[in-house]
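Q: Okay, here's the structure, questions in a sec.
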Amino acid sequence: MEINKNSGLYYMTGGFYIVIILLMGVVTLWFNLYLAISELVISAILFVINYAYKRHSKKRISEMFEKMTLDIGSATGNVLLDFSLAAVIVQQEGKIKWYNEAFSAVFNEEHLYDKALEELVPGLTVAGFFQEPATPVQTTVSCRGRDFRVYGSIPQGGDKRDKIVVLYFVEITEYLQYKQKYIDEKTFECLIFVDNYDELMESADNSARPLLQALLYKEINDWANENKGILIKYEKDKYCILFEYHYLESFIKDKFSLLSSIRAISEGNTIPASISIGIGLNGEDLAENDAYAKSAIDMALGRGGDQAVIKDHEQFRFYGGTSKEYEKSTRVKARVVSFALSGLIANAENIVVMSHKGADIDSLGSAFGVYRMCRMQNKPVHILLESYDQTVKNMLDRLENVEEYAGIFVNSQQAAAWVKETTLLIVVDTHKPSLVESPALLKKAGQVVVIDHHRRGAEFIENTALIYHEPYASSTCEMLTEILQYSANKMSLTKLEAECLYAGIVVDTKSFTFKTGVRTFEAASFLRKQGVDTIAIKTMFQQDLTSYIKRASIIKEAEIFRDHIAISKTHEDGSNMHVLIAQAADELLNIKGITASFVLYADENGVSISGRSLGGINVQVILEKLGGGGHMTIAGAQLPELTVEEAREKLCEAIEDYYLETSN
């Protein structure tokens with residue numbers, strides 16, 4: 001033992017004095033021989049006595065330390081045996097070499113020696129301890145209906161050829177039960193808005209309206225009662241419910257059956273009822289859950305309603321959204337927005353209008369609508385325009401020789417020089433910061449306005465002074481046309497501006513076929529009165545023969561998926577291929593039996609997908625799974641670093657997931 005080697009240091013009995021006497025004897029030899037001999041003899045006798053005494057004392061000390069060590073080892077062994085925590089010693093190979101009674105009691109077995117640990121506790125290994133660097137065991141396991149937190153360590157010293165690990169099992173069954181009980185009983189907030197309350201009531205006879213209102217309340221109230229929720233109706237079409245967390249799983253499992261229950265209400269109404277559900281959960285407190293719920297309901301409404309959205313501190317989750325948007329008959333919001341936008345323009349020093357990358361005729365037309373509002377108030381305005389499609393190019397060619405529009409179009413660098421704290425930045429035809437032509441301008445501008453008609457995605461421009469977001473609108477041009485009609489200054493649009501706005505509506509409605517409501521025709525009628533030449537619009541959309549042949553070849557390559565979905569792909573080159581694939585997707589819907597179509601196109605940036613639908617299939621939900629978005633009937637996506645074949649495979653998987661989610 002190490003301590004025995006050093007024990008002699010504690011015993012130096014007489015040693016110092018013996019050396020002194022010896023030295024004195026040596027010195028005395030020069031003066032008195034007899035006295036010197038006596039001193040030397042005495043020192044020798046004392047040395048022998050001291051040596052014998054030290055050997056005897058060292059033996060006694062060694063025996064004492066050995067007895068103490070044995071007693072401590074025995075005590076330690078007894079402690080481990082009687083330890084209330086389950087303990088086990090495991091070899092490097094995973095075999096059990098020792099265990100205490102508490103460990104044996106866990107498995108209700110007595111003969112566990114030499115058994116493999118993984119046989120008793122599946123998934124628990126000690127191999128990580130013997131790697132470089134070592135990985136300590138600290139995990140949670142379940143055994144025989146009990147839960148344990150496992151801790152482990154390698155004892156220091158010992159035989160290196162037979163390495164062992166000591167594991168301790170701390171039972172946490174009761175802790176996990178209380179933890180789960182806490183989670184299950186946490187509350188979350190659920191907001192329910194009736195999407196089309198006013199239109200719904202107007203569609204029913206006066207005698208049927210009270211019953212229709214009662215049925216709406218009954219369905220929501222029954223759903224709340226079935227799930228032990230607390231319901232508060234705080235407006236005629238708005239409800240708030242508090243639920244316990246453990247009911248959320250059943251809501252998701254039955255795909256929020258309340259959505260279909262509300263759609264099934266029929267009491268004299270000619271249009272179906274629909275609701276939006278926004279759920280906020282896992283916040284730090286009730287106030288944060290309320291903020292999450294409001295964000296979720298805004299998202300659900302921005303995506304067209306008839307769906308449930310769950311928001312927590314990490315993400316949005318979407319359920320439903322299979323119904324088309326219904327046009328709102330009231331124009332109150334358009335009038336309010338027109339007044340508010342006019343005020344923002346009046347207070348700004350200058351205005352910059354920006355749309356999405358690869359501007360189309362809808363974004364250009366809406367930009368011209370904003371331009372006219374600014375000119376009505378004699379405010380300096382510029383339109384940021386860098387990348388655009390062929391239709392926009394055709395329109396710009398017509399504007400080239402018009403003096404009024406000279407210098408209004410700027411690139412990103414020029415716009416950055418214009419934008420400052422007193423600038424009003426108006427974003428049209430998109431609400432996603434990643435899609436705008438110059439994202440840096442969003443932070444640089446003093447105030448930002450967003451005007452868009454696309455279904456809302458999880459990404460949205462923040463810190464805006466004004467948002468006009470209506471997913472039921474056919475196009476942003478329709479929204480700007482209504483705003484212009486409510487402007488205080490009734491200055492007329494120029495013929496080219498009216499035609500640009502009209503062209504945007506024509507393109508997004510596919511010549512007044514898709515997403516076309518009464519307000520769409522009213523907007524078109526207003527523009528027609530401003531001098532729109534429909535023949536000029538038709539001419540603007542004409543294509544050359546080469547493009548027409550390319551589009552025909554894309555249609556020829558189409559394959560039928562799930563009996564009613566057409567999927568085509570192309571590797572053709574060309575500056576206007578994004579327009580051609582969109583047109584080809586539209587044309588594929590003319591094939592009998594086809595209800596949705598997708599066209600894939602590969603370029604240096606990856607694979608672009610254009611999706612179209614007749615309304616029975618929500619192409620927006622499908623392409624959102626691939627990082628895209630859009631509308632229920634018109635959507636797109638961009639998949640970087642993929643081949644067309646890989647993108648097609650992912651698209652088919654997204655379609656299958658969509659059918660799995662929407663099946664009842």
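Simple scheme: letters A, B, ... for chains in structure tokens order, numbers from 1 for residues in each chain, numbers from 1 for ligands in the order shown.
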Got a sec: who's within 10 Å of Pro380 (chain A), counting only C-alpha atoms, leaving out chain neighbours fewer than 4 positions off, as a list in words?
A: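 Near neighbours after the sequence-gap exclusion: Ile345, Ala348, Glu349, Asn350, Ile351, Val352, Tyr371, Cys374, Arg375 and Ile408 of chain A.
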Q: Which residues are close to Phe103 (chain A), i.e. within 7 Å by only C-alpha atoms, leaving aside same-chain residues fewer than 3 positions away? Reply as a ChimeraX atom specification.
A: /A:86-88,99-100,106
Q: Using DSSP on the backbone, list every residue of region 111-335 of chain A that comes out as helix (DSSP H, G or I), and give them as a ChimeraX atom specification.
A: /A:117-120,127-130,173-185,197-202,209-226,245-253,257-263,286-302,332-335
Q: Any idea what's packed within 12 Å of Glu656 (chain A), counting only C-alpha atoms, ignoring anything in its chain fewer than 6 positions away? Could you give it as a PDB file with N, CA, C and O atoms, in the first residue's frame?
A:
ATOM      1  N   PHE A 561     -51.005  10.697 -64.007  1.00  0.00           N
ATOM      2  CA  PHE A 561     -50.725  10.165 -62.671  1.00  0.00           C
ATOM      3  C   PHE A 561     -52.021  10.109 -61.878  1.00  0.00           C
ATOM      4  O   PHE A 561     -52.783  11.077 -61.866  1.00  0.00           O
ATOM      5  N   ARG A 562     -52.284   8.982 -61.247  1.00  0.00           N
ATOM      6  CA  ARG A 562     -53.521   8.766 -60.473  1.00  0.00           C
ATOM      7  C   ARG A 562     -54.771   9.050 -61.314  1.00  0.00           C
ATOM      8  O   ARG A 562     -55.778   9.561 -60.799  1.00  0.00           O
ATOM      9  N   ILE A 565     -54.355  13.378 -63.045  1.00  0.00           N
ATOM     10  CA  ILE A 565     -53.337  14.418 -62.873  1.00  0.00           C
ATOM     11  C   ILE A 565     -52.312  14.280 -63.997  1.00  0.00           C
ATOM     12  O   ILE A 565     -51.727  13.207 -64.187  1.00  0.00           O
ATOM     13  N   VAL A 621     -51.334  23.493 -51.595  1.00  0.00           N
ATOM     14  CA  VAL A 621     -50.956  22.628 -50.481  1.00  0.00           C
ATOM     15  C   VAL A 621     -49.910  21.614 -50.938  1.00  0.00           C
ATOM     16  O   VAL A 621     -48.951  21.307 -50.212  1.00  0.00           O
ATOM     17  N   ILE A 622     -50.068  21.095 -52.147  1.00  0.00           N
ATOM     18  CA  ILE A 622     -49.108  20.110 -52.667  1.00  0.00           C
ATOM     19  C   ILE A 622     -47.734  20.737 -52.833  1.00  0.00           C
ATOM     20  O   ILE A 622     -46.724  20.192 -52.379  1.00  0.00           O
ATOM     21  N   LYS A 625     -45.441  21.657 -49.834  1.00  0.00           N
ATOM     22  CA  LYS A 625     -44.611  20.581 -49.302  1.00  0.00           C
ATOM     23  C   LYS A 625     -43.222  20.589 -49.932  1.00  0.00           C
ATOM     24  O   LYS A 625     -42.273  20.032 -49.376  1.00  0.00           O
ATOM     25  N   GLU A 649     -40.069  12.821 -58.826  1.00  0.00           N
ATOM     26  CA  GLU A 649     -40.294  11.827 -57.772  1.00  0.00           C
ATOM     27  C   GLU A 649     -40.792  12.490 -56.489  1.00  0.00           C
ATOM     28  O   GLU A 649     -41.721  12.003 -55.844  1.00  0.00           O
ATOM     29  N   LYS A 650     -40.165  13.631 -56.122  1.00  0.00           N
ATOM     30  CA  LYS A 650     -40.612  14.349 -54.929  1.00  0.00           C
ATOM     31  C   LYS A 650     -42.031  14.889 -55.106  1.00  0.00           C
ATOM     32  O   LYS A 650     -42.817  14.918 -54.155  1.00  0.00           O
ATOM     33  N   THR A 662     -55.930  14.321 -46.940  1.00  0.00           N
ATOM     34  CA  THR A 662     -57.294  14.780 -47.211  1.00  0.00           C
ATOM     35  C   THR A 662     -58.313  13.653 -47.224  1.00  0.00           C
ATOM     36  O   THR A 662     -59.514  13.919 -47.258  1.00  0.00           O
ATOM     37  N   SER A 663     -57.828  12.403 -47.207  1.00  0.00           N
ATOM     38  CA  SER A 663     -58.781  11.279 -47.196  1.00  0.00           C
ATOM     39  C   SER A 663     -59.418  11.169 -45.824  1.00  0.00           C
ATOM     40  O   SER A 663     -58.796  11.405 -44.799  1.00  0.00           O
TER      41      SER A 663
END
Q: Excluding Lys255 (chain A) and its own-chain neighbours fewer than 4 positions away, which residues fall within 12 Å of it when counting only C-alpha atoms? Please give them as a list of chain:residue names.
A: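 Those residues are A:Leu248, A:Glu249, A:Ser250, A:Phe251, A:Leu259, A:Ser260, A:Ser261, A:Ile277, A:Gln307, A:Ala308, A:Val309, A:Phe318, A:Tyr319, A:Gly320, A:Gly321, A:Thr322, A:Leu660, A:Glu661, A:Thr662, A:Ser663, A:Asn664.
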Q: Go ahead and save the residues from that selection, with all heavy atoms, as a short mmCIF file (atom, residue, chain, number, x, y, z; two decimals), in the first residue's frame.
A:
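Ended up saving to part.cif:
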data_model
loop_
_atom_site.label_atom_id
_atom_site.label_comp_id
_atom_site.auth_asym_id
_atom_site.auth_seq_id
_atom_site.Cartn_x
_atom_site.Cartn_y
_atom_site.Cartn_z
N LEU A 248 -55.53 17.83 -28.20
CA LEU A 248 -55.01 18.26 -29.50
C LEU A 248 -54.74 17.07 -30.41
O LEU A 248 -55.00 17.13 -31.62
CB LEU A 248 -53.73 19.07 -29.30
CG LEU A 248 -53.08 19.63 -30.58
CD1 LEU A 248 -54.01 20.61 -31.26
CD2 LEU A 248 -51.75 20.29 -30.26
N GLU A 249 -54.23 15.99 -29.85
CA GLU A 249 -53.92 14.81 -30.67
C GLU A 249 -55.15 14.27 -31.38
O GLU A 249 -55.10 13.89 -32.55
CB GLU A 249 -53.28 13.73 -29.80
CG GLU A 249 -52.81 12.52 -30.60
CD GLU A 249 -52.12 11.48 -29.72
OE1 GLU A 249 -51.84 11.78 -28.55
OE2 GLU A 249 -51.85 10.37 -30.23
N SER A 250 -56.28 14.25 -30.67
CA SER A 250 -57.51 13.75 -31.30
C SER A 250 -58.01 14.71 -32.37
O SER A 250 -58.57 14.29 -33.39
CB SER A 250 -58.61 13.53 -30.24
OG SER A 250 -58.96 14.76 -29.62
N PHE A 251 -57.81 16.03 -32.17
CA PHE A 251 -58.19 17.00 -33.21
C PHE A 251 -57.43 16.73 -34.50
O PHE A 251 -58.01 16.73 -35.59
CB PHE A 251 -57.89 18.44 -32.74
CG PHE A 251 -58.70 18.90 -31.57
CD1 PHE A 251 -58.33 20.02 -30.84
CD2 PHE A 251 -59.84 18.22 -31.18
CE1 PHE A 251 -59.07 20.46 -29.76
CE2 PHE A 251 -60.60 18.65 -30.10
CZ PHE A 251 -60.20 19.76 -29.38
N LEU A 259 -64.41 21.37 -39.19
CA LEU A 259 -64.40 22.03 -40.50
C LEU A 259 -65.46 21.44 -41.42
O LEU A 259 -66.23 22.16 -42.07
CB LEU A 259 -63.01 21.91 -41.15
CG LEU A 259 -61.85 22.59 -40.44
CD1 LEU A 259 -60.53 22.20 -41.09
CD2 LEU A 259 -62.02 24.10 -40.47
N SER A 260 -65.51 20.11 -41.49
CA SER A 260 -66.50 19.45 -42.36
C SER A 260 -67.91 19.55 -41.79
O SER A 260 -68.88 19.64 -42.54
CB SER A 260 -66.12 17.98 -42.57
OG SER A 260 -65.96 17.31 -41.33
N SER A 261 -68.02 19.57 -40.45
CA SER A 261 -69.34 19.72 -39.83
C SER A 261 -69.96 21.06 -40.18
O SER A 261 -71.15 21.16 -40.47
CB SER A 261 -69.23 19.56 -38.31
OG SER A 261 -68.74 18.30 -37.96
N ILE A 277 -59.70 28.10 -38.11
CA ILE A 277 -59.32 27.75 -36.74
C ILE A 277 -57.85 28.12 -36.55
O ILE A 277 -56.99 27.70 -37.33
CB ILE A 277 -59.53 26.26 -36.45
CG1 ILE A 277 -61.01 25.88 -36.66
CG2 ILE A 277 -59.07 25.90 -35.05
CD1 ILE A 277 -61.28 24.39 -36.51
N GLN A 307 -59.77 26.14 -42.87
CA GLN A 307 -58.64 25.31 -42.47
C GLN A 307 -58.25 25.64 -41.04
O GLN A 307 -58.69 26.64 -40.47
CB GLN A 307 -57.44 25.53 -43.39
CG GLN A 307 -56.94 26.95 -43.45
CD GLN A 307 -55.95 27.14 -44.58
OE1 GLN A 307 -54.79 26.77 -44.46
NE2 GLN A 307 -56.42 27.70 -45.69
N ALA A 308 -57.43 24.75 -40.47
CA ALA A 308 -56.91 24.95 -39.12
C ALA A 308 -55.41 25.16 -39.20
O ALA A 308 -54.72 24.48 -39.96
CB ALA A 308 -57.22 23.74 -38.24
N VAL A 309 -54.92 26.12 -38.42
CA VAL A 309 -53.49 26.41 -38.36
C VAL A 309 -53.05 26.37 -36.90
O VAL A 309 -53.70 26.98 -36.04
CB VAL A 309 -53.16 27.77 -38.98
CG1 VAL A 309 -51.67 28.07 -38.84
CG2 VAL A 309 -53.57 27.82 -40.44
N PHE A 318 -50.41 23.17 -40.80
CA PHE A 318 -51.64 23.45 -41.53
C PHE A 318 -52.47 22.18 -41.70
O PHE A 318 -51.94 21.11 -42.00
CB PHE A 318 -51.32 24.03 -42.91
CG PHE A 318 -50.41 25.22 -42.88
CD1 PHE A 318 -49.06 25.11 -43.15
CD2 PHE A 318 -50.91 26.47 -42.55
CE1 PHE A 318 -48.21 26.20 -43.10
CE2 PHE A 318 -50.07 27.58 -42.49
CZ PHE A 318 -48.73 27.44 -42.77
N TYR A 319 -53.78 22.33 -41.55
CA TYR A 319 -54.71 21.22 -41.72
C TYR A 319 -55.94 21.74 -42.46
O TYR A 319 -56.46 22.80 -42.13
CB TYR A 319 -55.12 20.62 -40.37
CG TYR A 319 -53.95 20.14 -39.56
CD1 TYR A 319 -53.31 21.01 -38.68
CD2 TYR A 319 -53.45 18.85 -39.69
CE1 TYR A 319 -52.21 20.59 -37.94
CE2 TYR A 319 -52.36 18.42 -38.95
CZ TYR A 319 -51.74 19.30 -38.08
OH TYR A 319 -50.66 18.88 -37.36
N GLY A 320 -56.39 20.97 -43.43
CA GLY A 320 -57.57 21.39 -44.21
C GLY A 320 -57.17 22.28 -45.36
O GLY A 320 -56.11 22.12 -45.97
N GLY A 321 -58.01 23.24 -45.68
CA GLY A 321 -57.73 24.16 -46.78
C GLY A 321 -58.06 23.57 -48.13
O GLY A 321 -57.39 23.83 -49.12
N THR A 322 -59.12 22.74 -48.19
CA THR A 322 -59.48 22.11 -49.45
C THR A 322 -60.58 22.85 -50.20
O THR A 322 -60.89 22.51 -51.34
CB THR A 322 -59.96 20.66 -49.19
OG1 THR A 322 -61.09 20.69 -48.30
CG2 THR A 322 -58.86 19.84 -48.54
N LEU A 660 -53.33 11.38 -48.81
CA LEU A 660 -53.38 10.70 -47.52
C LEU A 660 -53.94 11.62 -46.44
O LEU A 660 -54.73 11.20 -45.59
CB LEU A 660 -51.98 10.23 -47.14
CG LEU A 660 -51.86 9.39 -45.87
CD1 LEU A 660 -52.61 8.07 -46.03
CD2 LEU A 660 -50.39 9.12 -45.55
N GLU A 661 -53.57 12.89 -46.49
CA GLU A 661 -54.02 13.86 -45.50
C GLU A 661 -55.48 14.25 -45.69
O GLU A 661 -56.19 14.52 -44.72
CB GLU A 661 -53.15 15.11 -45.55
CG GLU A 661 -51.72 14.87 -45.08
CD GLU A 661 -50.83 16.06 -45.34
OE1 GLU A 661 -51.35 17.08 -45.88
OE2 GLU A 661 -49.62 16.00 -45.05
N THR A 662 -55.93 14.32 -46.94
CA THR A 662 -57.29 14.78 -47.21
C THR A 662 -58.31 13.65 -47.22
O THR A 662 -59.51 13.92 -47.26
CB THR A 662 -57.35 15.51 -48.56
OG1 THR A 662 -56.84 14.66 -49.59
CG2 THR A 662 -56.53 16.78 -48.52
N SER A 663 -57.83 12.40 -47.21
CA SER A 663 -58.78 11.28 -47.20
C SER A 663 -59.42 11.17 -45.82
O SER A 663 -58.80 11.40 -44.80
CB SER A 663 -58.07 9.97 -47.56
OG SER A 663 -57.05 9.69 -46.62
N ASN A 664 -60.67 10.80 -45.81
CA ASN A 664 -61.39 10.69 -44.53
C ASN A 664 -61.64 9.23 -44.20
O ASN A 664 -61.81 8.42 -45.05
CB ASN A 664 -62.73 11.41 -44.62
CG ASN A 664 -62.54 12.91 -44.75
OD1 ASN A 664 -61.70 13.49 -44.09
ND2 ASN A 664 -63.30 13.53 -45.64
#
Q: Counting only C-alpha atoms, figure out which residue out of A:Gly358, A:Gly517, A:Gly94, A:Gly369 gets nearest to His578 (chain A).
A: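 Between A:Gly358, A:Gly517, A:Gly94, A:Gly369, the residue approaching His578 (chain A) most closely is A:Gly358.
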Q: Please tabulate, as CSV, the residues of region 418-511 of chain A that come within 9 Å of region 532-552 of chain A, each with its closest pair of atoms and the distance in Å to one decimal, counting only C-alpha atoms and ordering rows by chain, then residue number upward.
A:
residue,atom,partner,partner_atom,distance
A:Lys495,CA,A:Val532,CA,6.1
A:Leu496,CA,A:Val532,CA,7.8
A:Glu497,CA,A:Val532,CA,8.9
A:Ala498,CA,A:Val532,CA,6.0
A:Glu499,CA,A:Val532,CA,5.1
A:Cys500,CA,A:Ile537,CA,8.5
A:Tyr502,CA,A:Val532,CA,7.4
A:Ala503,CA,A:Ile537,CA,6.3
A:Val506,CA,A:Ile537,CA,8.8
Q: Would you please work out which residue, of A:Val194, A:Ala300, A:Leu85, A:Val392, is nearest to Val579 (chain A) when using only C-alpha atoms?
A: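 Smallest separation from Val579 (chain A) among the options: A:Val392.
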Q: Quick one: everything within 12 Å of Ile241 (chain A), counting only C-alpha atoms, minus sequence neighbours fewer than 5 positions away in the same chain. Send it as a short mmCIF file (atom, residue, chain, number, x, y, z; two decimals) with N, CA, C and O atoms, in the first residue's frame.
A:
data_model
loop_
_atom_site.label_atom_id
_atom_site.label_comp_id
_atom_site.auth_asym_id
_atom_site.auth_seq_id
_atom_site.Cartn_x
_atom_site.Cartn_y
_atom_site.Cartn_z
N THR A 187 -53.16 24.34 -20.89
CA THR A 187 -54.22 24.84 -21.77
C THR A 187 -53.62 25.47 -23.02
O THR A 187 -52.50 25.97 -23.00
N PHE A 188 -54.37 25.40 -24.10
CA PHE A 188 -54.01 26.13 -25.30
C PHE A 188 -55.24 26.88 -25.79
O PHE A 188 -56.38 26.52 -25.48
N GLU A 189 -55.00 27.94 -26.53
CA GLU A 189 -56.08 28.82 -27.00
C GLU A 189 -56.46 28.47 -28.43
O GLU A 189 -55.59 28.27 -29.28
N CYS A 190 -57.74 28.42 -28.68
CA CYS A 190 -58.27 28.12 -30.01
C CYS A 190 -59.24 29.23 -30.42
O CYS A 190 -60.24 29.46 -29.74
N LEU A 191 -58.90 29.93 -31.51
CA LEU A 191 -59.78 30.96 -32.05
C LEU A 191 -60.50 30.41 -33.27
O LEU A 191 -59.89 29.75 -34.11
N ILE A 192 -61.80 30.68 -33.37
CA ILE A 192 -62.60 30.23 -34.50
C ILE A 192 -63.32 31.43 -35.11
O ILE A 192 -64.05 32.13 -34.41
N PHE A 193 -63.08 31.68 -36.38
CA PHE A 193 -63.75 32.75 -37.12
C PHE A 193 -64.58 32.14 -38.24
O PHE A 193 -64.12 31.24 -38.93
N ILE A 220 -70.24 24.49 -33.04
CA ILE A 220 -69.02 24.92 -32.34
C ILE A 220 -69.11 24.60 -30.86
O ILE A 220 -68.16 24.13 -30.24
N ASN A 221 -70.29 24.85 -30.28
CA ASN A 221 -70.49 24.59 -28.86
C ASN A 221 -70.41 23.10 -28.55
O ASN A 221 -69.80 22.69 -27.55
N ASP A 222 -71.01 22.26 -29.41
CA ASP A 222 -70.95 20.81 -29.20
C ASP A 222 -69.51 20.31 -29.28
O ASP A 222 -69.09 19.46 -28.49
N TRP A 223 -68.75 20.84 -30.22
CA TRP A 223 -67.34 20.44 -30.36
C TRP A 223 -66.55 20.82 -29.12
O TRP A 223 -65.72 20.05 -28.63
N ALA A 224 -66.83 22.01 -28.58
CA ALA A 224 -66.15 22.45 -27.37
C ALA A 224 -66.54 21.58 -26.18
O ALA A 224 -65.67 21.17 -25.39
N ASN A 225 -67.82 21.26 -26.04
CA ASN A 225 -68.28 20.45 -24.91
C ASN A 225 -67.75 19.03 -24.97
O ASN A 225 -67.37 18.44 -23.95
N ASN A 227 -65.01 18.05 -25.97
CA ASN A 227 -63.59 18.03 -25.64
C ASN A 227 -63.28 18.86 -24.39
O ASN A 227 -62.14 19.29 -24.20
N LYS A 228 -64.31 19.06 -23.55
CA LYS A 228 -64.16 19.71 -22.25
C LYS A 228 -63.54 21.10 -22.36
O LYS A 228 -62.71 21.51 -21.54
N GLY A 229 -63.93 21.82 -23.39
CA GLY A 229 -63.39 23.16 -23.58
C GLY A 229 -64.28 24.24 -23.00
O GLY A 229 -65.48 24.01 -22.74
N ILE A 230 -63.72 25.41 -22.78
CA ILE A 230 -64.47 26.56 -22.29
C ILE A 230 -64.66 27.51 -23.46
O ILE A 230 -63.70 28.06 -24.00
N LEU A 231 -65.92 27.71 -23.87
CA LEU A 231 -66.25 28.49 -25.07
C LEU A 231 -66.69 29.91 -24.70
O LEU A 231 -67.49 30.11 -23.78
N ILE A 232 -66.14 30.88 -25.44
CA ILE A 232 -66.55 32.28 -25.29
C ILE A 232 -66.84 32.82 -26.69
O ILE A 232 -65.98 32.77 -27.56
N LYS A 233 -68.05 33.32 -26.89
CA LYS A 233 -68.40 33.96 -28.15
C LYS A 233 -68.32 35.47 -27.91
O LYS A 233 -69.10 36.05 -27.18
N TYR A 234 -67.34 36.11 -28.56
CA TYR A 234 -67.14 37.52 -28.27
C TYR A 234 -67.55 38.44 -29.42
O TYR A 234 -67.54 39.64 -29.27
N ILE A 277 -59.70 28.10 -38.11
CA ILE A 277 -59.32 27.75 -36.74
C ILE A 277 -57.85 28.12 -36.55
O ILE A 277 -56.99 27.70 -37.33
N GLY A 278 -57.57 28.91 -35.51
CA GLY A 278 -56.20 29.26 -35.17
C GLY A 278 -55.88 28.82 -33.76
O GLY A 278 -56.59 29.18 -32.82
N ILE A 279 -54.84 28.02 -33.60
CA ILE A 279 -54.49 27.46 -32.29
C ILE A 279 -53.10 27.94 -31.90
O ILE A 279 -52.14 27.84 -32.68
N GLY A 280 -52.98 28.46 -30.67
CA GLY A 280 -51.70 28.89 -30.13
C GLY A 280 -51.35 28.06 -28.91
O GLY A 280 -52.16 27.94 -27.98
N ASP A 290 -51.99 33.43 -26.58
CA ASP A 290 -52.96 34.30 -27.26
C ASP A 290 -52.33 34.93 -28.50
O ASP A 290 -52.96 35.00 -29.56
N ALA A 293 -52.10 32.26 -31.13
CA ALA A 293 -53.42 31.95 -31.70
C ALA A 293 -53.83 33.02 -32.71
O ALA A 293 -54.40 32.71 -33.77
#
Q: Could you check which of A:Leu281, A:Ile297, A:Leu286, A:Ile609 is closest to Asp312 (chain A), using only C-alpha atoms?
A: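 Using only C-alpha atoms, the shortest distance to Asp312 (chain A) belongs to A:Leu281.
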Q: So, counting only C-alpha atoms, which residue among A:His631, A:His382, A:Arg55, A:Lys393 is closest to Gly407 (chain A)?
A: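 Comparing A:His631, A:His382, A:Arg55, A:Lys393 against Gly407 (chain A), the winner is A:His382.
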Q: Could you name the residues that touch region 464-469 of chain A at 7 Å or less, counting only C-alpha atoms, but leaving out those on the same chain fewer than 2 positions away, as a list in words?
A: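 Near region 464-469 of chain A, the qualifying residues are Gly302, Val337, Gln447, Val448, Val449, Val450, Ile451, Asp452, His453, Glu462 and Pro471 of chain A.
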